[in-house]
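Participant: Below is the structure I would like to discuss, written out as structure tokens.
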Amino acid sequence: MNVVPIGPINPIFKEPIRIKLIVEGETVLGAEIEMGYVHRGIEKIMEGKHYLKGIHLAERVCGICSYIHTWTFAECIEHISNIEVPDKARYLRVLTTELERIHSHLIAISVYGLAIEHETFGIWCLNTREHVMDLLETITGNRINMGFNVVGGVRQDINKEMIDKIYKKLEELRNDMKNILEIYNTGPLINLRGRGVGVIGYKEVMKTRAVGPIARASALPESDWRLRHPTYKELKFKPVWAEEGDNSARTLVRIKEIFASIDLIEKILELYQESTGVVRNKAHIKGGSGEWKNEAHRGEVTYKISLTDGGIIKRIIIRSPSVMNLEAYKYMLKTCPTVSDAVTTYISIDPCVSCTERTIVLVDKKTGKTEFYSFK
Amino acid sequence: MIKEFFRKRSINVCIVNTGGCNGCDIELVSLLASRYDIEQYGIYVHNNPREADVLIVSGPVTLPWKNRLKELYEKTPEPKIVVAIGACALSCGIFKEGNVCGPVDKIIPVDATIPGCPPRPSEIIQAILKVAPIALSKREEHLKKVASEN
């Protein structure tokens, strides 16, 4: 048995992580994942700080899904202290999240395209992404790390010109995406590298608690937390899903989710134009503790916060989706014939390492033993 | 003569994320898109430190990275330039109290800095293009030195 170490710096990785593949010849038998390169201790920094500082730190948990972290943080505190959010702010939050979901999925598809060495496909997705970044810049004022959310609402309103621009750009985006979907369905190389590679079934998904597009590609549509969110219930949201559970299905679910997001944005703009009022209420913080969940771009994200009456954070726990998805990786390896397939499978689960690097504590309920996954 | 002319248009870049939030990294990835198209300036983004001319470091240096970053710097071939990108790499930024051992210039020498959280892609291109002639002149001096020694 030989070991092939990949990372922490590798041409295809965008984040530092080290994978040790155990191989025999060209067949992959197993894998060991070494993490801890991006552990900064955000939860520890947040303790004892005011919630206004906390929302800035929550934004920098991850750069790709920065908006959904601030949204969940703000909604958790609003849930604890019963702050009512104006209608306009609720719709603007969904609008920005869906735009960010499109940009996150496009970057995932593009990196997958580069990993299977189909460079044209990858660069086309990146080009399409620039339209979305333009829209995010128009609405919030920044491309990444937007600082748009506050507890009690959002910072700014949008005007009529911006709405026209959003409609126009969405039409362009839909045309580009139709083109990308056609390439994806008919391209011979993409099917060759994706079909039947890295398969994970329904039973194994339940065992590893995988979430997000990975679970939805293995016939588990109810894993989408948008179904349980009050604003999405107004929109009568329906999740996208597939049955095959291989690399190809996971990427196809992401592409179809982009179409679903475009439809959601059009619905939300109609609702926004009917609503009136302010975009931000004053927040009166009451102490207590609570929990809130949201569907991030890679799966469900959970925030557990306990606050004092003055708004000082006593303790915060962030659970991000990629921990469970990386666990599912070892079951996918059984159907990876070569080393390069193992790498593309890793890319297809779209892991977000800087989200993942929280300290994990395992408690054995029978013996009461606790174990820490240590970071040096 | 021909070699010297073409060397001016071939710079290899290696991106090293030493614990940032990914924000700077995806702005670097979007440089590959046709709108910015970094390859038309002769810059090739290829994350291999062993053949890089420019190391782009983003993020505060976390504790596991402390020795690795030094190793990586030593592995890079000699005429090399380090660009620190983003607020975290310049001063540890928002993560100063966390599990970090300091900004990048505390660990390895830094030649250029790009502030911003994260900086825009056009700013990154501008900075790399300003730094590139220095890298090239350094490399030419190094090549002459090697030639004279032989």
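Letters for chains follow the order of the structure tokens (A, B, ...), residue numbers begin at 1 for each chain, and ligand numbers begin at 1 in the order shown.
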Using only C-alpha atoms, select each residue of chain B with any atom at most 9 Å away from an atom of chain A, and give the selection as a ChimeraX atom specification.
Facilitator: /B:14-27,29-30,32-35,45-49,60-65,94-100,117-118,120
Participant: Which residues are near region 176-192 of chain A? Cut-off 10 Å, only C-alpha atoms, ignore same chain within fewer than 2 positions. Put them as a list in words.
Facilitator: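 Non-adjacent residues within range: Leu106, Tyr112, Gly113, Ile116, Glu117, His118, Phe121, Gly122, Trp124, Cys125, Asn127, Thr128, Leu170, Glu171, Glu172, Leu173, Arg174, Gly194, Arg195, Gly196, Val197, Asn247, Ser248, Thr251, Leu252, Ile255, Lys256, Ile258 and Phe259 of chain A.
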Participant: Give me, as a PyMOL selection string, the residues of region 203-328 of chain A that a backbone DSSP run labels helix (DSSP H, G or I).
Facilitator: chain A and resi 203-208+213-217+221-223+225-228+230-234+247-274+322-328
Participant: Write out, as a compact mmCIF listing (two decimals), in the first residue's frame, the residues just selected, with C-alpha atoms.
Facilitator:
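Final output, out17.txt:
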```txt
# COMPACT_ATOMS: atom_id res chain seq x y z
CA LYS A 203 -28.61 4.77 3.21
CA GLU A 204 -25.07 6.12 3.37
CA VAL A 205 -26.32 9.71 3.26
CA MET A 206 -28.49 8.96 6.29
CA LYS A 207 -25.48 7.39 8.03
CA THR A 208 -23.11 10.32 7.43
CA PRO A 213 -26.74 19.40 -2.84
CA ILE A 214 -25.01 16.12 -1.86
CA ALA A 215 -28.11 14.89 0.00
CA ARG A 216 -30.46 16.30 -2.63
CA ALA A 217 -28.58 14.46 -5.41
CA PRO A 221 -35.22 16.66 -1.16
CA GLU A 222 -36.60 17.33 2.33
CA SER A 223 -33.07 18.11 3.57
CA TRP A 225 -34.04 24.01 5.14
CA ARG A 226 -35.65 26.61 2.90
CA LEU A 227 -38.82 24.50 3.15
CA ARG A 228 -39.05 25.41 6.85
CA PRO A 230 -41.19 31.52 7.00
CA THR A 231 -40.31 33.80 4.06
CA TYR A 232 -39.73 30.90 1.64
CA LYS A 233 -43.08 29.40 2.68
CA GLU A 234 -44.76 32.52 1.28
CA ASN A 247 -20.55 13.54 -9.41
CA SER A 248 -22.65 14.32 -12.46
CA ALA A 249 -25.92 14.42 -10.49
CA ARG A 250 -24.47 16.71 -7.81
CA THR A 251 -23.35 19.24 -10.39
CA LEU A 252 -26.67 18.94 -12.27
CA VAL A 253 -28.57 19.70 -9.04
CA ARG A 254 -26.46 22.85 -8.64
CA ILE A 255 -27.20 23.98 -12.21
CA LYS A 256 -30.95 23.40 -11.75
CA GLU A 257 -30.90 25.21 -8.43
CA ILE A 258 -29.58 28.28 -10.23
CA PHE A 259 -32.72 28.25 -12.43
CA ALA A 260 -34.86 27.83 -9.30
CA SER A 261 -33.07 30.79 -7.70
CA ILE A 262 -33.72 32.99 -10.75
CA ASP A 263 -37.45 32.17 -10.50
CA LEU A 264 -37.40 32.93 -6.76
CA ILE A 265 -35.78 36.31 -7.36
CA GLU A 266 -38.46 37.25 -9.91
CA LYS A 267 -41.21 36.26 -7.45
CA ILE A 268 -39.59 38.16 -4.59
CA LEU A 269 -39.23 41.32 -6.70
CA GLU A 270 -42.98 41.28 -7.37
CA LEU A 271 -43.68 40.96 -3.64
CA TYR A 272 -41.14 43.69 -2.87
CA GLN A 273 -42.81 46.16 -5.24
CA GLU A 274 -46.16 45.64 -3.51
CA SER A 322 -19.05 20.92 5.09
CA VAL A 323 -18.16 18.84 8.18
CA MET A 324 -20.84 16.30 7.36
CA ASN A 325 -20.15 16.43 3.65
CA LEU A 326 -16.46 15.63 4.16
CA GLU A 327 -17.54 12.61 6.21
CA ALA A 328 -19.52 11.38 3.20
```
Participant: For the structure I just gave you, how does DSSP split region 21-242 of chain A - specifically, which residues are strand (DSSP E)? Reply as a VMD selection string.
Facilitator: chain A and resid 21 to 24 27 to 34 149 to 150 153 to 154
Participant: So what do you get for CA of Ser289 (chain A) versus CA of Glu98 (chain A), distance-wise?
Facilitator: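 It comes out at 28.1 Å.
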Participant: From the list B:Ser58, B:Ser10, B:Gln126, B:Asn67, which residue is nearest Cys88 (chain B) when using only C-alpha atoms?
Facilitator: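 Using only C-alpha atoms, the shortest distance to Cys88 (chain B) belongs to B:Ser58.
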Participant: May I have the residues within 9 Å of Val28 (chain A) as a ChimeraX atom specification, using only C-alpha atoms and disregarding those fewer than 2 positions away in the same chain?
Facilitator: /A:21-26,30-31,333-339,342
Participant: Near Lys138 (chain B), counting only C-alpha atoms, which residues have an atom at most 6 Å away, once you skip same-chain residues fewer than 3 positions from it, shown as a ChimeraX atom specification?
Facilitator: /B:79,135,141
Participant: Pull C-alpha atoms from the residues just selected and write them as a CSV table (one decimal), in the first residue's frame.
Facilitator:
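Once everything was written out, this is again28.csv:
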```csv
chain,number,residue,atom,x,y,z
B,79,PRO,CA,14.4,35.4,-7.8
B,135,ALA,CA,10.8,40.3,-10.6
B,141,GLU,CA,20.5,39.7,-12.7
```
